[in-house]
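Shown next: target_31.txt, given as compact mmCIF, C-alpha atoms.
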```
# COMPACT_ATOMS: atom_id res chain seq x y z
CA MET A 15 111.16 -57.06 -71.76
CA ASN A 16 113.04 -59.61 -73.87
CA GLU A 17 112.80 -57.24 -76.83
CA TYR A 18 114.32 -54.49 -74.68
CA ASP A 19 117.01 -56.87 -73.40
CA SER A 20 117.88 -58.05 -76.93
CA ASN A 21 118.30 -54.46 -78.06
CA ARG A 22 120.62 -53.70 -75.13
CA ILE A 23 122.62 -56.89 -75.73
CA TYR A 24 123.24 -55.69 -79.28
CA ASP A 25 124.31 -52.27 -77.98
CA LEU A 26 126.88 -54.10 -75.86
CA VAL A 27 128.32 -56.45 -78.47
CA LYS A 28 128.73 -53.66 -81.02
CA LYS A 29 131.55 -52.48 -78.75
CA ILE A 30 133.57 -55.58 -79.71
CA ASN A 31 132.69 -55.33 -83.43
CA TYR A 32 129.74 -57.70 -83.64
CA ARG A 33 127.03 -56.72 -86.14
CA LYS A 34 123.62 -58.13 -86.99
CA THR A 35 123.32 -60.18 -90.17
CA LEU A 36 120.19 -60.46 -92.28
CA ASN A 37 121.27 -63.93 -93.39
CA PRO A 38 121.39 -66.33 -90.41
CA LYS A 39 123.51 -68.80 -92.39
CA ASP A 40 126.30 -66.21 -92.50
CA ALA A 41 126.38 -65.75 -88.73
CA ASP A 42 129.41 -66.72 -86.67
CA CYS A 43 127.54 -66.18 -83.39
CA TYR A 44 123.98 -67.02 -82.35
CA VAL A 45 122.30 -65.59 -79.26
CA LEU A 46 119.02 -67.25 -78.27
CA ASN A 47 117.37 -64.86 -75.80
CA THR A 48 114.77 -66.87 -73.93
CA CYS A 49 111.69 -66.56 -71.72
CA HIS A 50 110.68 -69.17 -69.16
CA ILE A 51 107.11 -68.05 -68.44
CA ARG A 52 105.44 -70.48 -70.84
CA GLU A 53 105.86 -74.23 -71.07
CA LYS A 54 108.25 -75.99 -73.45
CA ALA A 55 110.61 -72.99 -73.54
CA THR A 56 113.60 -75.25 -72.90
CA GLU A 57 112.59 -77.69 -75.63
CA LYS A 58 112.34 -74.78 -78.09
CA VAL A 59 115.98 -73.98 -77.30
CA TYR A 60 117.03 -77.51 -78.25
CA HIS A 61 114.94 -77.38 -81.44
CA ASP A 62 116.58 -74.08 -82.46
CA ILE A 63 120.04 -75.50 -81.79
CA GLY A 64 119.12 -78.49 -83.93
CA ARG A 65 118.37 -76.14 -86.82
CA ILE A 66 121.68 -74.31 -86.31
CA LYS A 67 123.55 -77.63 -86.31
CA LYS A 68 121.89 -78.61 -89.57
CA ALA A 69 122.71 -75.27 -91.22
CA PHE A 70 126.37 -75.48 -90.15
CA ARG A 71 126.89 -79.20 -90.73
CA ASN A 72 129.60 -78.57 -93.33
CA LYS A 73 130.80 -75.22 -92.00
CA GLN A 74 132.76 -73.95 -89.03
CA LYS A 75 130.66 -74.08 -85.87
CA PRO A 76 129.35 -70.68 -84.74
CA ILE A 77 129.48 -69.47 -81.14
CA VAL A 78 126.14 -70.33 -79.49
CA VAL A 79 124.98 -68.39 -76.43
CA ILE A 80 121.73 -69.02 -74.53
CA SER A 81 120.62 -65.95 -72.60
CA GLY A 82 117.53 -64.95 -70.63
CA CYS A 83 115.42 -66.79 -68.08
CA VAL A 84 115.84 -70.32 -69.43
CA ALA A 85 119.60 -69.82 -69.13
CA GLN A 86 119.12 -68.63 -65.55
CA ALA A 87 116.80 -71.47 -64.54
CA GLU A 88 118.43 -74.38 -66.36
CA GLY A 89 121.93 -73.20 -67.33
CA GLU A 90 123.87 -76.17 -65.95
CA ILE A 91 121.42 -78.64 -67.48
CA LEU A 92 121.70 -76.93 -70.87
CA LEU A 93 125.50 -77.02 -70.79
CA ARG A 94 125.54 -80.70 -69.80
CA ARG A 95 122.89 -81.85 -72.26
CA GLU A 96 123.94 -79.90 -75.36
CA LYS A 97 127.64 -79.71 -76.21
CA TYR A 98 126.92 -77.26 -79.03
CA ILE A 99 126.19 -74.52 -76.44
CA ASP A 100 129.26 -72.42 -75.61
CA ALA A 101 127.79 -70.21 -72.88
CA VAL A 102 124.71 -69.43 -70.81
CA ILE A 103 124.07 -65.90 -69.55
CA GLY A 104 121.27 -65.04 -67.12
CA PRO A 105 119.19 -61.85 -67.47
CA GLN A 106 121.00 -60.12 -64.59
CA SER A 107 124.45 -60.81 -66.08
CA TYR A 108 124.14 -59.19 -69.52
CA HIS A 109 126.95 -56.78 -68.70
CA GLN A 110 129.26 -59.83 -68.96
CA PHE A 111 128.27 -60.51 -72.57
CA ASN A 112 131.40 -59.10 -74.21
CA GLU A 113 133.74 -60.84 -71.79
CA THR A 114 131.88 -64.09 -72.44
CA LEU A 115 132.06 -63.77 -76.24
CA LEU A 116 135.77 -62.94 -76.16
CA LYS A 117 136.37 -66.06 -74.06
CA ALA A 118 134.32 -68.15 -76.50
CA GLU A 119 136.35 -66.76 -79.43
CA LYS A 120 139.46 -68.13 -77.70
CA GLY A 121 137.89 -71.57 -77.41
CA VAL A 122 136.76 -71.46 -73.78
CA LYS A 123 133.77 -73.80 -73.40
CA LYS A 124 130.83 -74.16 -71.02
CA ILE A 125 130.82 -70.58 -69.73
CA ASN A 126 128.14 -70.02 -67.09
CA SER A 127 127.25 -66.42 -66.19
CA THR A 128 124.07 -66.64 -64.13
CA GLU A 129 124.85 -64.57 -61.06
CA PHE A 130 122.32 -62.00 -59.79
CA GLU A 131 124.24 -58.77 -60.39
CA VAL A 132 121.43 -56.45 -61.46
CA ILE A 133 122.97 -53.28 -59.96
CA GLU A 134 126.27 -53.85 -61.75
CA LYS A 135 124.39 -54.66 -64.95
CA PHE A 136 122.51 -51.38 -65.11
CA ASP A 137 125.54 -49.40 -63.93
CA GLN A 138 127.39 -50.61 -67.02
CA LEU A 139 124.44 -50.36 -69.42
CA ASN A 140 123.92 -46.72 -68.41
CA HIS A 141 127.24 -45.89 -70.06
CA ILE A 142 126.09 -47.32 -73.41
CA LYS A 143 123.58 -45.34 -75.48
CA ASN A 144 120.32 -47.14 -76.25
CA SER A 145 120.22 -47.41 -80.05
CA GLU A 146 116.53 -48.41 -80.28
CA SER A 147 114.96 -46.30 -83.03
CA LYS A 148 111.34 -47.40 -83.17
CA VAL A 149 108.38 -45.02 -82.97
CA SER A 150 107.07 -47.08 -80.07
CA SER A 151 109.91 -48.17 -77.77
CA PHE A 152 110.33 -50.08 -74.53
CA LEU A 153 112.17 -48.97 -71.39
CA THR A 154 112.83 -51.34 -68.47
CA ILE A 155 112.43 -49.42 -65.21
CA GLN A 156 112.14 -52.31 -62.75
CA GLU A 157 113.11 -55.96 -62.65
CA GLY A 158 112.38 -58.90 -60.41
CA CYS A 159 109.52 -59.66 -58.06
CA ASN A 160 109.05 -60.19 -54.32
CA LYS A 161 105.48 -61.54 -54.53
CA PHE A 162 106.25 -65.25 -54.99
CA CYS A 163 102.99 -66.27 -56.64
CA LYS A 164 103.11 -70.04 -56.44
CA PHE A 165 102.88 -70.57 -60.20
CA CYS A 166 105.52 -68.01 -61.21
CA VAL A 167 109.19 -68.54 -61.98
CA VAL A 168 110.15 -64.84 -62.14
CA PRO A 169 111.50 -64.47 -58.56
CA TYR A 170 113.84 -67.40 -59.29
CA THR A 171 115.06 -66.19 -62.70
CA ARG A 172 115.03 -62.39 -62.28
CA GLY A 173 115.58 -62.15 -58.54
CA ALA A 174 114.28 -59.62 -56.04
CA GLU A 175 112.63 -56.34 -57.04
CA TYR A 176 115.09 -53.71 -58.20
CA SER A 177 114.22 -50.21 -59.42
CA ARG A 178 116.47 -48.01 -61.54
CA SER A 179 117.00 -44.36 -60.61
CA ILE A 180 114.72 -41.69 -62.06
CA ILE A 181 117.76 -39.75 -63.32
CA GLU A 182 119.07 -42.64 -65.44
CA LEU A 183 115.57 -43.50 -66.71
CA VAL A 184 114.82 -39.92 -67.78
CA GLN A 185 118.18 -39.83 -69.57
CA GLU A 186 117.52 -43.09 -71.41
CA CYS A 187 113.99 -41.95 -72.24
CA LYS A 188 115.38 -38.71 -73.73
CA SER A 189 117.81 -40.80 -75.77
CA LEU A 190 114.98 -42.95 -77.15
CA VAL A 191 112.94 -39.85 -78.01
CA SER A 192 115.94 -38.31 -79.79
CA ASN A 193 116.12 -41.56 -81.81
CA GLY A 194 112.52 -41.02 -82.96
CA ALA A 195 110.38 -42.60 -80.25
CA LYS A 196 106.99 -40.94 -79.78
CA GLU A 197 105.68 -43.54 -77.36
CA ILE A 198 107.46 -45.22 -74.43
CA THR A 199 106.21 -48.31 -72.63
CA LEU A 200 107.68 -48.58 -69.14
CA LEU A 201 108.47 -52.20 -68.33
CA GLY A 202 108.80 -54.28 -65.21
CA GLN A 203 107.92 -57.76 -64.06
CA ASN A 204 106.05 -55.84 -61.38
CA VAL A 205 106.18 -52.35 -62.85
CA ASN A 206 103.95 -50.55 -60.34
CA ALA A 207 106.21 -51.80 -57.52
CA TYR A 208 108.74 -49.27 -58.86
CA ASN A 209 110.29 -47.50 -55.89
CA PHE A 210 113.60 -45.68 -56.01
CA LYS A 211 114.43 -43.86 -52.78
CA GLY A 212 110.76 -43.22 -52.11
CA LYS A 213 109.94 -42.16 -55.67
CA ARG A 214 107.07 -44.17 -57.15
CA LEU A 215 105.91 -44.94 -60.67
CA SER A 216 103.67 -41.87 -60.63
CA ASP A 217 106.74 -39.69 -59.93
CA LEU A 218 108.58 -41.22 -62.87
CA ILE A 219 105.58 -40.66 -65.16
CA LYS A 220 105.50 -36.99 -64.11
CA GLU A 221 109.18 -36.58 -64.94
CA ILE A 222 109.17 -38.23 -68.36
CA SER A 223 105.93 -36.41 -69.24
CA LYS A 224 108.07 -33.27 -69.36
CA ILE A 225 110.01 -34.56 -72.39
CA LYS A 226 108.72 -32.39 -75.22
CA ASN A 227 108.51 -34.79 -78.17
CA LEU A 228 107.27 -37.76 -76.15
CA LYS A 229 103.58 -38.08 -76.97
CA ARG A 230 102.44 -41.27 -75.26
CA ILE A 231 103.30 -43.20 -72.09
CA ARG A 232 102.26 -46.74 -71.14
CA TYR A 233 103.37 -49.18 -68.45
CA THR A 234 103.17 -52.93 -67.96
CA THR A 235 102.79 -55.29 -66.10
CA SER A 236 101.05 -54.25 -62.87
CA HIS A 237 100.24 -56.23 -59.74
CA PRO A 238 96.96 -55.30 -58.01
CA ILE A 239 98.50 -55.04 -54.53
CA ASP A 240 100.89 -52.31 -55.72
CA PHE A 241 98.21 -50.13 -57.31
CA THR A 242 98.64 -47.11 -55.03
CA GLU A 243 96.38 -44.05 -54.80
CA ASP A 244 98.99 -41.77 -56.38
CA LEU A 245 99.20 -44.06 -59.42
CA ILE A 246 95.41 -44.13 -59.73
CA LYS A 247 95.19 -40.32 -59.56
CA ILE A 248 97.88 -39.66 -62.17
CA HIS A 249 95.60 -41.21 -64.78
CA ASN A 250 93.51 -38.08 -64.32
CA THR A 251 96.34 -35.54 -64.47
CA SER A 252 98.75 -36.92 -67.08
CA GLU A 253 97.61 -36.20 -70.63
CA LYS A 254 100.33 -38.41 -72.08
CA LEU A 255 99.37 -41.51 -70.07
CA MET A 256 97.26 -43.81 -72.22
CA PRO A 257 93.82 -45.00 -70.93
CA LEU A 258 94.55 -48.73 -71.08
CA ILE A 259 95.85 -50.74 -68.12
CA HIS A 260 97.04 -54.32 -68.23
CA LEU A 261 96.06 -55.59 -64.77
CA PRO A 262 96.48 -59.37 -64.41
CA VAL A 263 93.97 -61.03 -62.10
CA GLN A 264 94.68 -64.71 -62.99
CA SER A 265 91.37 -66.02 -61.51
CA GLY A 266 87.95 -64.78 -60.48
CA SER A 267 87.88 -67.05 -57.42
CA ASN A 268 89.16 -65.85 -54.04
CA LYS A 269 89.90 -69.46 -53.12
CA ILE A 270 92.17 -69.90 -56.14
CA LEU A 271 93.79 -66.48 -55.62
CA LYS A 272 94.70 -67.54 -52.08
CA MET A 273 96.10 -70.83 -53.34
CA MET A 274 98.15 -68.86 -55.87
CA ASN A 275 99.44 -66.55 -53.09
CA ARG A 276 98.23 -63.52 -55.06
CA LYS A 277 97.65 -61.50 -51.85
CA HIS A 278 94.54 -59.72 -53.19
CA THR A 279 90.84 -60.55 -53.35
CA ILE A 280 88.36 -59.95 -56.15
CA LYS A 281 86.82 -57.17 -54.04
CA ASP A 282 90.24 -55.48 -53.80
CA TYR A 283 90.69 -55.86 -57.55
CA LEU A 284 87.28 -54.45 -58.45
CA ASN A 285 87.81 -51.52 -56.06
CA ILE A 286 90.94 -50.55 -58.01
CA ILE A 287 89.00 -50.64 -61.27
CA ALA A 288 86.17 -48.58 -59.78
CA LYS A 289 88.59 -45.92 -58.51
CA LEU A 290 90.37 -45.73 -61.84
CA LYS A 291 87.07 -45.21 -63.64
CA ILE A 292 86.28 -42.29 -61.31
CA PHE A 293 89.54 -40.56 -62.25
CA LYS A 294 89.49 -41.62 -65.93
CA ASN A 295 86.02 -42.45 -67.21
CA ASN A 296 87.24 -43.72 -70.60
CA ILE A 297 89.76 -46.17 -69.13
CA GLN A 298 89.81 -49.79 -70.34
CA PHE A 299 91.47 -52.96 -69.08
CA SER A 300 93.23 -56.08 -70.28
CA SER A 301 94.28 -59.03 -68.12
CA ASP A 302 95.93 -62.44 -67.79
CA PHE A 303 94.09 -65.60 -66.75
CA ILE A 304 95.32 -69.04 -65.74
CA ILE A 305 92.69 -71.66 -66.50
CA GLY A 306 92.71 -75.04 -64.78
CA TYR A 307 94.93 -74.10 -61.85
CA PRO A 308 95.32 -77.03 -59.38
CA GLY A 309 92.22 -77.16 -57.20
CA GLU A 310 90.01 -75.18 -59.61
CA THR A 311 86.41 -76.43 -59.48
CA ASP A 312 83.48 -75.67 -61.78
CA LYS A 313 82.39 -73.02 -59.25
CA ASP A 314 85.83 -71.38 -59.30
CA PHE A 315 85.79 -71.35 -63.09
CA ASP A 316 82.27 -69.86 -63.14
CA LEU A 317 83.51 -67.03 -60.89
CA THR A 318 86.25 -66.30 -63.43
CA ILE A 319 83.66 -66.14 -66.21
CA GLN A 320 81.56 -63.78 -64.09
CA LEU A 321 84.54 -61.49 -63.58
CA MET A 322 85.27 -61.46 -67.31
CA LYS A 323 81.67 -60.46 -68.06
CA LYS A 324 81.62 -57.83 -65.30
CA VAL A 325 84.85 -56.02 -66.25
CA LYS A 326 84.49 -56.59 -70.01
CA TYR A 327 88.21 -56.70 -70.74
CA ILE A 328 88.97 -55.41 -74.22
CA ASN A 329 91.84 -57.89 -74.43
CA SER A 330 92.82 -60.95 -72.42
CA PHE A 331 95.56 -63.54 -72.42
CA SER A 332 94.50 -66.95 -71.16
CA PHE A 333 96.42 -70.18 -70.81
CA ILE A 334 95.97 -73.58 -69.26
CA PHE A 335 98.10 -73.89 -66.14
CA SER A 336 101.52 -75.32 -66.93
CA PRO A 337 103.87 -76.05 -64.01
CA ARG A 338 107.22 -74.28 -64.01
CA PRO A 339 110.05 -76.35 -62.51
CA GLY A 340 111.06 -75.14 -59.07
CA THR A 341 107.82 -73.32 -58.26
CA PRO A 342 105.51 -74.47 -55.41
CA ALA A 343 102.61 -75.04 -57.83
CA ALA A 344 104.68 -77.59 -59.76
CA SER A 345 104.19 -80.08 -56.92
CA MET A 346 100.42 -79.53 -56.63
CA LYS A 347 98.00 -82.10 -57.99
CA PRO A 348 96.83 -80.97 -61.45
CA ILE A 349 93.21 -81.12 -62.56
CA ASP A 350 92.19 -83.34 -65.45
CA GLU A 351 93.72 -81.97 -68.68
CA SER A 352 90.56 -82.57 -70.72
CA ILE A 353 88.54 -80.49 -68.22
CA ALA A 354 91.10 -77.68 -68.36
CA LYS A 355 91.00 -77.66 -72.18
CA LYS A 356 87.20 -77.50 -72.22
CA ARG A 357 87.23 -74.60 -69.75
CA LEU A 358 89.80 -72.72 -71.83
CA ILE A 359 87.65 -73.08 -74.95
CA ILE A 360 84.59 -71.77 -73.07
CA PHE A 361 86.57 -68.90 -71.54
CA GLN A 362 88.18 -67.80 -74.80
CA LYS A 363 84.86 -67.95 -76.65
CA ILE A 364 83.31 -65.53 -74.13
CA ALA A 365 86.43 -63.33 -74.09
CA ASN A 366 86.40 -63.13 -77.89
CA GLU A 367 82.69 -62.23 -77.95
CA ILE A 368 83.33 -59.36 -75.51
CA LYS A 369 86.30 -58.19 -77.57
CA LEU A 370 84.33 -58.38 -80.82
CA ASN A 371 81.42 -56.39 -79.37
CA TYR A 372 83.85 -53.76 -78.14
CA ARG A 373 85.40 -53.49 -81.59
CA LYS A 374 81.99 -53.27 -83.28
CA ASN A 375 81.29 -50.20 -81.15
CA LEU A 376 84.39 -48.55 -82.62
CA LEU A 377 82.99 -48.60 -86.16
CA ASN A 378 82.26 -45.16 -87.63
CA LYS A 379 83.93 -43.52 -84.64
CA ASN A 380 87.13 -41.52 -84.57
CA SER A 381 90.37 -42.65 -82.94
CA LEU A 382 93.76 -41.02 -82.45
CA VAL A 383 96.32 -43.34 -84.03
CA LEU A 384 100.10 -43.23 -83.67
CA PHE A 385 101.53 -44.65 -86.88
CA GLU A 386 104.62 -46.81 -86.49
CA ASN A 387 105.58 -48.04 -89.95
CA LYS A 388 104.69 -48.62 -93.58
CA ILE A 389 103.53 -52.12 -94.47
CA GLY A 390 105.91 -53.57 -97.06
CA SER A 391 105.71 -51.87 -100.44
CA LYS A 392 102.01 -51.07 -100.11
CA ASN A 393 100.63 -47.60 -99.54
CA GLU A 394 99.41 -48.76 -96.14
CA PHE A 395 100.53 -47.67 -92.71
CA PHE A 396 100.27 -49.54 -89.43
CA GLY A 397 99.57 -47.82 -86.13
CA ARG A 398 97.88 -48.20 -82.77
CA ASP A 399 95.15 -46.20 -81.13
CA GLU A 400 95.12 -45.15 -77.47
CA TYR A 401 93.92 -48.63 -76.47
CA LEU A 402 96.64 -50.50 -78.39
CA ASN A 403 94.21 -51.57 -81.10
CA SER A 404 96.02 -52.22 -84.38
CA VAL A 405 94.86 -49.84 -87.12
CA ILE A 406 95.73 -49.86 -90.83
CA VAL A 407 95.02 -47.05 -93.30
CA LYS A 408 95.73 -46.59 -97.00
CA THR A 409 97.43 -43.34 -97.90
CA ASN A 410 100.16 -41.87 -100.07
CA GLU A 411 101.29 -39.68 -97.17
CA ASN A 412 104.21 -40.78 -95.01
CA LEU A 413 102.59 -41.24 -91.60
CA GLU A 414 105.50 -42.78 -89.68
CA GLY A 415 105.82 -41.18 -86.27
CA LYS A 416 102.66 -39.08 -86.66
CA ILE A 417 99.43 -39.10 -84.67
CA LYS A 418 96.36 -38.75 -86.89
CA GLU A 419 92.65 -38.72 -86.29
CA VAL A 420 91.20 -41.75 -88.05
CA LYS A 421 87.64 -42.83 -88.75
CA ILE A 422 87.29 -46.60 -88.23
CA VAL A 423 85.38 -48.08 -91.18
CA SER A 424 85.84 -51.84 -90.70
CA GLY A 425 87.64 -54.40 -88.61
CA ASN A 426 88.02 -57.94 -87.37
CA GLN A 427 89.23 -59.72 -84.25
CA ASN A 428 92.80 -58.46 -84.66
CA THR A 429 92.86 -55.35 -86.85
CA LEU A 430 90.87 -52.19 -87.46
CA TYR A 431 90.83 -50.41 -90.82
CA GLY A 432 90.34 -46.69 -91.10
CA GLU A 433 90.47 -43.53 -93.15
CA ILE A 434 92.43 -40.39 -92.32
CA ILE A 435 90.10 -37.48 -91.54
CA GLN A 436 91.47 -35.08 -94.12
CA LYS A 437 89.38 -32.03 -93.29
CA LYS A 438 90.82 -31.57 -89.82
CA GLU A 439 94.31 -32.72 -90.69
CA THR A 440 94.82 -33.32 -86.97
CA GLU A 441 98.47 -33.92 -86.39
CA PHE A 442 100.14 -33.96 -83.02
CA ALA A 443 103.68 -34.92 -83.99
CA ALA A 444 106.41 -32.36 -83.49
```
Entire entry expressed as structure tokens:
Amino acid sequence: MNEYDSNRIYDLVKKINYRKTLNPKDADCYVLNTCHIREKATEKVYHDIGRIKKAFRNKQKPIVVISGCVAQAEGEILLRREKYIDAVIGPQSYHQFNETLLKAEKGVKKINSTEFEVIEKFDQLNHIKNSESKVSSFLTIQEGCNKFCKFCVVPYTRGAEYSRSIIELVQECKSLVSNGAKEITLLGQNVNAYNFKGKRLSDLIKEISKIKNLKRIRYTTSHPIDFTEDLIKIHNTSEKLMPLIHLPVQSGSNKILKMMNRKHTIKDYLNIIAKLKIFKNNIQFSSDFIIGYPGETDKDFDLTIQLMKKVKYINSFSFIFSPRPGTPAASMKPIDESIAKKRLIIFQKIANEIKLNYRKNLLNKNSLVLFENKIGSKNEFFGRDEYLNSVIVKTNENLEGKIKEVKIVSGNQNTLYGEIIQKKETEFAA
């Protein structure tokens, strides 16, 4: 979502004659677009500002703007602690970017734009064409969250759930496709909570599936309690919807899920997976896990390991619990850090073994790969298969924006290597 936001910020500032520079030392304005999900995000801001200070020690000071969720959560603190910062802009106030920069140009200091004005933001952004021109592009359809998981800062930095209208999303999707996008990933902090005047995520998928040159659709990130029957069934009827779902579970223990205020049980979660497999037998899953959440015992951790082995996630993202300021979990008694680190090592070892076995089974099999770009000056092209696996092939043909059938011949933990199946010359690009 930050990548999408950064792109839209640039679309805005172009209106007042700002342009990207390939040489940071030539910049007269820096925008640090931040995320507050992981720990030490605020400290990274100060480190980056330190580098800017050093680069401009003997030059005129550039305008420095901190945007995103760190700005929203700690804007006043940032402005008080670091005089080099000219402005902070929260994620729901991006429509005020140009006004803020023009004020900063005139010497106005300590500008704080962190109001929750998401409706006004998208109303204004809808009038500015999305200039993103990647083969695989992002599209924010929903922001905010009403779930209030006790570890999560999103409801405090992005606000309540807000869904954009289907009309504006279809229009922006068409714009991205006209710019060359073949694949669109629909984004939301709680994407399957999308609901605009009774229209759900499945309705939006149906509408954008009608766009001729759009070949692939994905969505992320989903919450289990919003996985409705209509969304499950559309995985059977939509040919453009990819067979990989990122479905965060966070823990395999019902006790820990309750302490997290996740509002679902492991039985609920596994029922969703079972239903999806009925409607799409080749579907696969990835997930997020918090290891060492306050109150987690060896038994709770073992239940998480059991879940990992049962579902066999083809990809997982796991982190030791780190308290976010202002969240209920921040005041809970943490478990011993050394225990949490040991558990993370055990968990990631098992997760990697499952992932490696999955990738071994892909060898000598064919995959449909959407190629995104050429790698440097080499005759190699990078793409992703239907399950988001990275694939590289060597070829003299320009594959950018094309879907090709590829035989996987080798691979490692992160990348698969393949050969184009020349006989069939299977190409699905327009």
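With distances taken over all atoms listed in the file, A:Thr318 is the one residue among A:Thr318, A:Asn410, A:Ser300, A:Thr199 lying closest to Ile364 (chain A).
Distance annotation: of A:Ser147, A:Asn380, A:Thr311, A:Gln106, the residue with the minimal separation from Val423 (chain A) is A:Asn380; atom set is only C-alpha atoms.
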Subject >> Residue neighbourhood region 339-348 of chain A, 8 Å, only C-alpha atoms, exclusion window fewer than 2 positions, as an MDAnalysis selection string >> reply: chainID A and resid 164:167 274 306:309 337 350:351
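If you look at CA of Ser20 (chain A) and CA of Thr56 (chain A), they are 18.2 Å away from each other.
Relative to CA of Asn387 (chain A), CA of Ile51 (chain A) is found at 29.4 Å.
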May I have the residues within 8 Å of Asn393 (chain A) as an mmCIF file with C-alpha atoms, in the coordinates of the input, using only C-alpha atoms and disregarding those fewer than 3 positions away in the same chain?
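Below you can see result_0.cif, which holds the result:
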```cif
data_model
loop_
_atom_site.group_PDB
_atom_site.id
_atom_site.type_symbol
_atom_site.label_atom_id
_atom_site.label_comp_id
_atom_site.auth_asym_id
_atom_site.auth_seq_id
_atom_site.Cartn_x
_atom_site.Cartn_y
_atom_site.Cartn_z
ATOM 1 C CA LYS A 388 104.690 -48.620 -93.580
ATOM 2 C CA ILE A 389 103.530 -52.120 -94.470
ATOM 3 C CA LYS A 408 95.730 -46.590 -97.000
ATOM 4 C CA THR A 409 97.430 -43.340 -97.900
ATOM 5 C CA ASN A 410 100.160 -41.870 -100.070
#
```
Subject >> Given only C-alpha atoms as the counted atoms, nearest of A:Glu411, A:Glu96, A:Asp240, A:Glu253 to Gln436 (chain A) >> reply: A:Glu411
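Proximity ranking of A:Ala365, A:Ile125, A:Val149, A:Met15 relative to Asn204 (chain A) places A:Met15 first, based on only C-alpha atoms.
Going from CA of Gly104 (chain A) to CA of His237 (chain A) covers 24.0 Å.
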Original post:
For Cys83 (chain A), which residue out of A:Arg338, A:Lys29, A:Arg357, A:Arg232 is the nearest one, using all atoms listed in the file?
Top reply: A:Arg338
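Ranking A:Lys421, A:Glu310, A:Asp100, A:Leu321 by their shortest atom-to-atom distance to Glu119 (chain A), with only C-alpha atoms included, puts A:Asp100 first.
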**OP:** Would you mind listing what lies within 8 Å of Val79 (chain A) as a ChimeraX atom specification, with all atoms listed in the file counted and same-chain residues fewer than 6 positions away left out?
**Re:** /A:43-46,99-103
Subject >> Exercise: Phe361 (chain A) partners within 12 Å, only C-alpha atoms, chain neighbours under 2 positions left out, as a count of residues only >> reply: 33
